[in-house]
Amino acid sequence: MLDRPESSVSDRKPAIDLYGLVTELFPINRSLTGAGVRETLGLVARHIDLKISEVATGTAVLDWTVPMEWNIRSASISTLSGRRLVDFADNNLHVLGYSKPVQGVISRVELAQHVHTLPDQPDLIPYRTGYFANDWGFCLSHKLWQTMTDEHYRVEIDSELSSGSLTYGELFLAGHTAEEVLVTCHICHPSLANDNLSGIAVMTALAMRQAQRTRRLGYRFLFLPATIGAITWLDRNQSRLDRIRHGLVLTCLGDSSGFHYKESRSEATIDRAVSHVLRHSGHQYEVMPFSPYGYDERQFCSPGFNLPVGCLMRGVHGTFPEYHTSADNLDFVKPEALDQSYALIESILDVLDQNRTFERVDGRGEPQLGRRGLYRAIAGQREAGGATQMDLLWFLNLADGRHSLLDMAIRADVPFARLETAARLALEASLVREAIQ
């Protein structure tokens, strides 16, 4: 029996305060590795049964090697008289990610080789990293840097690069079948509310929701450091990748722009499902073709794997002025945008889970609907916003064992839930049976 249709996208509510979780995570300093990643995963694990994996420094993963673990305690730039101008404690974007330790008095000329600013956005602090650079650096507003005219400054970065491990979190929820939906987000950025924390919060709430449901498909939620985390997980799970039927990378879900979906490399069912839900969502949206630049979809879609994984976001990376700057803060992320993103993705997951294929028990001609009480059932459904007579006719005509419910909804150009309702009515009237795939 099919599950009863869900409420509309606008009625779907997360079980937790998404903005509250973003706010709680915001101060934590995250990077590819280290204590901040573990603290972040620990907060997520309060809500879901998260399995934490540690992969040792130096481990070979595909063409890469797990890097040294990086942790930082403090960092600052001060005048020789002791006035502190830049302090990591004020904003963890102030330090180039993976900066090696440094301490001493250096000239402004030398310091300039290690300072990152945004001349075209002079009030903002940029986010920069040097994961494999064996270097150090500071990020500060261009306006502040222009005022720093002393010949020498006292510089201190109290950090540590040591053998440790790369940390990631995983939750797997088994379904009735062996097929899986893969949902991922990145957890390696420091205080960037949209490009990092919005994905973590929304995905946590989705995992909570799916854990409470009867599932046809399995769901695998991955909280990964970007690039190296996905590569590490792929390397360690190559034997099970054939189970992944659909996948989504979630990022930048908290700003107020329209939705953007980047398709997978393989023109997969996930692309059609997301496009269909967006079309009937009432939100502004754009569907973009796959490109090998962006987030971890490029790892999952690499030619040796070619998994059906797309990327869903609101603001597109690198195109909004707040991207990778201190302006990507708690004011930039909106509670209502987070809730909208959650509701949309919840609807997408329902389409994937309920997308089945049916065939008529007797496909010769149109069945008599009146004597089966289907006209009355349709009338009741229609009053509740459910299936119409035309939806049922579309379903009965396309229930040939070759068209899935998603195929039908796209062909009829109606929301998936209405075709799912029509299928349930026809199934209850013994007009169709589920096709064996």
# chains A, B, ... in the order shown; residues from 1 in each chain; ligands from 1
call {"tool": "select_by_dssp", "arguments": {"residues": "stretch 118-310 of chain A", "states": "helix (DSSP H, G or I)", "output": "ChimeraX atom specification"}}
result
/A:142-147,193-211,228-236,238-243,269-279,297-300
call {"tool": "residues_around", "arguments": {"residues": "A:Ser275", "least_positions_apart": "2", "cutoff": "10 Å", "atoms": "only C-alpha atoms", "output": "PyMOL selection string"}}
result
chain A and resi 260-261+263+269-273+277-281+285-287+348+410
call {"tool": "residues_around", "arguments": {"residues": "A:Ile187", "least_positions_apart": "6", "cutoff": "7 Å", "atoms": "only C-alpha atoms", "output": "list of chain:residue names"}}
result
A:Val37, A:Asn196, A:Phe223, A:Leu224, A:Pro225
call {"tool": "write_last_selection", "arguments": {"atoms": "C-alpha atoms", "output": "PDB file, in the first residue's frame"}}
result
ATOM      1  CA  VAL A  37      35.000  19.585  13.197  1.00  0.00           C
ATOM      2  CA  ASN A 196      28.376  25.670   5.381  1.00  0.00           C
ATOM      3  CA  PHE A 223      28.720  15.296   7.040  1.00  0.00           C
ATOM      4  CA  LEU A 224      32.085  15.691   5.295  1.00  0.00           C
ATOM      5  CA  PRO A 225      35.027  18.062   5.033  1.00  0.00           C
TER       6      PRO A 225
END
call {"tool": "residues_around", "arguments": {"residues": "stretch 330-346 of chain A", "least_positions_apart": "2", "cutoff": "8 Å", "atoms": "only C-alpha atoms", "output": "MDAnalysis selection string"}}
result
chainID A and resid 9:14 18:19 22:23 26 193:194 198 202:203 205:206 253:256 277:278 281 327:328 348:350
call {"tool": "residues_around", "arguments": {"residues": "A:Gln146", "least_positions_apart": "5", "cutoff": "12 Å", "atoms": "only C-alpha atoms", "output": "PyMOL selection string"}}
result
chain A and resi 108+112+115+117-119+122-123+140-141
call {"tool": "atom_distance", "arguments": {"atom1": "atom CA of A:Leu197", "atom2": "atom CA of A:Pro126"}}
result
17.2 Å
call {"tool": "atom_distance", "arguments": {"atom1": "atom CA of A:Ser76", "atom2": "atom CA of A:Ala89"}}
result
8.5 Å
call {"tool": "residues_around", "arguments": {"residues": "A:Ala399", "least_positions_apart": "6", "cutoff": "10 Å", "atoms": "only C-alpha atoms", "output": "mmCIF file with C-alpha atoms, in the first residue's frame"}}
result
data_model
loop_
_atom_site.group_PDB
_atom_site.id
_atom_site.type_symbol
_atom_site.label_atom_id
_atom_site.label_comp_id
_atom_site.auth_asym_id
_atom_site.auth_seq_id
_atom_site.Cartn_x
_atom_site.Cartn_y
_atom_site.Cartn_z
ATOM 1 C CA THR A 357 5.877 1.832 -11.338
ATOM 2 C CA PHE A 358 2.440 0.259 -11.811
ATOM 3 C CA GLU A 359 0.648 -1.777 -14.415
ATOM 4 C CA ARG A 360 -3.043 -2.243 -15.073
ATOM 5 C CA VAL A 361 -4.551 -5.544 -14.006
ATOM 6 C CA GLY A 363 -5.368 -2.703 -19.556
ATOM 7 C CA LEU A 393 -7.175 9.062 -16.264
ATOM 8 C CA LEU A 405 4.791 7.966 -11.081
ATOM 9 C CA MET A 408 3.436 10.366 -15.255
ATOM 10 C CA ALA A 423 -2.300 5.581 -7.836
ATOM 11 C CA LEU A 431 -7.303 -1.720 -10.998
ATOM 12 C CA VAL A 432 -3.482 -1.821 -10.860
ATOM 13 C CA ARG A 433 -0.653 -3.716 -9.270
ATOM 14 C CA GLU A 434 2.891 -2.641 -8.584
ATOM 15 C CA ALA A 435 5.167 -3.669 -11.429
#
call {"tool": "closest_residue", "arguments": {"among": "A:Ala60, A:Ala178, A:Ile72, A:Cys252", "to": "A:Ala201", "atoms": "only C-alpha atoms"}}
result
A:Cys252
call {"tool": "closest_residue", "arguments": {"among": "A:Pro67, A:Ala409, A:Gly104, A:Phe305", "to": "A:Gln238", "atoms": "only C-alpha atoms"}}
result
A:Phe305
call {"tool": "closest_residue", "arguments": {"among": "A:Arg402, A:Ser107, A:Pro321, A:Arg215", "to": "A:Gln354", "atoms": "only C-alpha atoms"}}
result
A:Arg215
call {"tool": "residues_around", "arguments": {"residues": "A:Gln113", "least_positions_apart": "4", "cutoff": "12 Å", "atoms": "only C-alpha atoms", "output": "list in words"}}
result
Ile106, Ser107, Arg108, Val109, Thr117, Asp135, Trp136, Gly137, Phe138 and Cys139 of chain A
call {"tool": "atom_distance", "arguments": {"atom1": "atom CA of A:Ser266", "atom2": "atom CA of A:Trp394"}}
result
28.1 Å
call {"tool": "select_by_dssp", "arguments": {"residues": "stretch 71-234 of chain A", "states": "strand (DSSP E or B)", "output": "PyMOL selection string"}}
result
chain A and resi 71-78+84-87+95+97+102-107+115-116+126+129+138-139+152-162+165-173+180-186+218-224
call {"tool": "closest_residue", "arguments": {"among": "A:Val95, A:Ala35, A:His152, A:Gly175", "to": "A:Glu110", "atoms": "only C-alpha atoms"}}
result
A:His152
call {"tool": "decode", "arguments": {"residues": "stretch 160-259 of chain A", "atoms": "C-alpha atoms", "output": "compact mmCIF listing (two decimals), in the first residue's frame"}}
result
# COMPACT_ATOMS: atom_id res chain seq x y z
CA GLU A 160 49.69 23.12 15.57
CA LEU A 161 50.03 20.83 12.56
CA SER A 162 50.47 17.25 13.74
CA SER A 163 49.66 13.66 12.95
CA GLY A 164 46.04 13.12 13.79
CA SER A 165 43.05 12.28 11.68
CA LEU A 166 40.31 13.49 9.36
CA THR A 167 36.86 13.30 10.95
CA TYR A 168 33.48 12.83 9.29
CA GLY A 169 29.96 11.87 10.37
CA GLU A 170 27.57 9.39 8.81
CA LEU A 171 24.01 8.24 9.44
CA PHE A 172 22.54 5.34 7.48
CA LEU A 173 18.83 4.57 7.66
CA ALA A 174 17.95 1.26 6.03
CA GLY A 175 14.94 0.96 3.76
CA HIS A 176 12.83 -1.94 2.49
CA THR A 177 15.10 -2.18 -0.56
CA ALA A 178 18.87 -2.11 -0.92
CA GLU A 179 18.72 1.08 -2.99
CA GLU A 180 19.99 4.26 -1.34
CA VAL A 181 19.63 8.02 -1.42
CA LEU A 182 22.88 9.84 -0.63
CA VAL A 183 22.60 13.30 1.00
CA THR A 184 25.74 15.25 1.88
CA CYS A 185 26.94 18.61 3.18
CA HIS A 186 30.37 20.06 3.98
CA ILE A 187 31.49 20.81 7.53
CA CYS A 188 34.91 22.41 7.04
CA HIS A 189 34.24 26.16 6.89
CA PRO A 190 34.57 28.38 9.98
CA SER A 191 32.04 31.12 10.69
CA LEU A 192 30.21 31.18 7.35
CA ALA A 193 26.50 30.90 8.02
CA ASN A 194 25.18 30.22 4.53
CA ASP A 195 28.07 28.45 2.83
CA ASN A 196 28.38 25.67 5.38
CA LEU A 197 26.04 25.96 8.35
CA SER A 198 22.75 26.20 6.45
CA GLY A 199 23.46 22.82 4.83
CA ILE A 200 24.40 21.23 8.15
CA ALA A 201 21.22 22.47 9.86
CA VAL A 202 18.82 21.54 7.06
CA MET A 203 20.40 18.11 6.59
CA THR A 204 20.24 17.39 10.32
CA ALA A 205 16.50 18.09 10.33
CA LEU A 206 15.98 15.96 7.21
CA ALA A 207 17.84 13.06 8.83
CA MET A 208 15.65 13.39 11.93
CA ARG A 209 12.54 13.29 9.77
CA GLN A 210 13.60 10.32 7.66
CA ALA A 211 14.56 8.36 10.78
CA GLN A 212 10.93 8.50 11.92
CA ARG A 213 9.42 7.31 8.64
CA THR A 214 8.76 3.98 7.00
CA ARG A 215 11.25 4.00 4.15
CA ARG A 216 11.22 2.19 0.81
CA LEU A 217 14.74 3.46 0.08
CA GLY A 218 17.71 3.65 2.40
CA TYR A 219 19.08 7.09 3.27
CA ARG A 220 22.75 7.84 3.87
CA PHE A 221 23.55 11.27 5.33
CA LEU A 222 27.20 12.33 5.17
CA PHE A 223 28.72 15.30 7.04
CA LEU A 224 32.09 15.69 5.29
CA PRO A 225 35.03 18.06 5.03
CA ALA A 226 34.85 19.33 1.45
CA THR A 227 36.78 17.54 -1.30
CA ILE A 228 39.14 15.44 0.85
CA GLY A 229 36.21 14.21 2.98
CA ALA A 230 34.21 13.06 -0.04
CA ILE A 231 37.31 11.49 -1.57
CA THR A 232 38.04 9.67 1.68
CA TRP A 233 34.48 8.36 1.99
CA LEU A 234 34.43 7.23 -1.64
CA ASP A 235 37.74 5.42 -1.22
CA ARG A 236 36.48 3.59 1.87
CA ASN A 237 33.08 2.66 0.41
CA GLN A 238 33.74 1.64 -3.18
CA SER A 239 32.10 -1.78 -2.74
CA ARG A 240 28.71 -0.27 -1.88
CA LEU A 241 28.46 2.56 -4.40
CA ASP A 242 26.27 0.52 -6.76
CA ARG A 243 23.43 0.89 -4.24
CA ILE A 244 23.23 4.67 -4.67
CA ARG A 245 20.30 5.52 -6.93
CA HIS A 246 19.93 9.22 -6.12
CA GLY A 247 22.09 11.85 -4.45
CA LEU A 248 22.03 15.48 -3.34
CA VAL A 249 24.76 17.82 -2.17
CA LEU A 250 23.22 20.55 0.01
CA THR A 251 24.77 23.99 0.45
CA CYS A 252 23.93 27.71 0.67
CA LEU A 253 20.31 27.08 1.71
CA GLY A 254 19.77 30.02 4.04
CA ASP A 255 19.87 33.14 1.85
CA SER A 256 16.81 34.75 0.29
CA SER A 257 17.56 34.16 -3.39
CA GLY A 258 15.71 31.69 -5.58
CA PHE A 259 16.69 28.04 -5.73
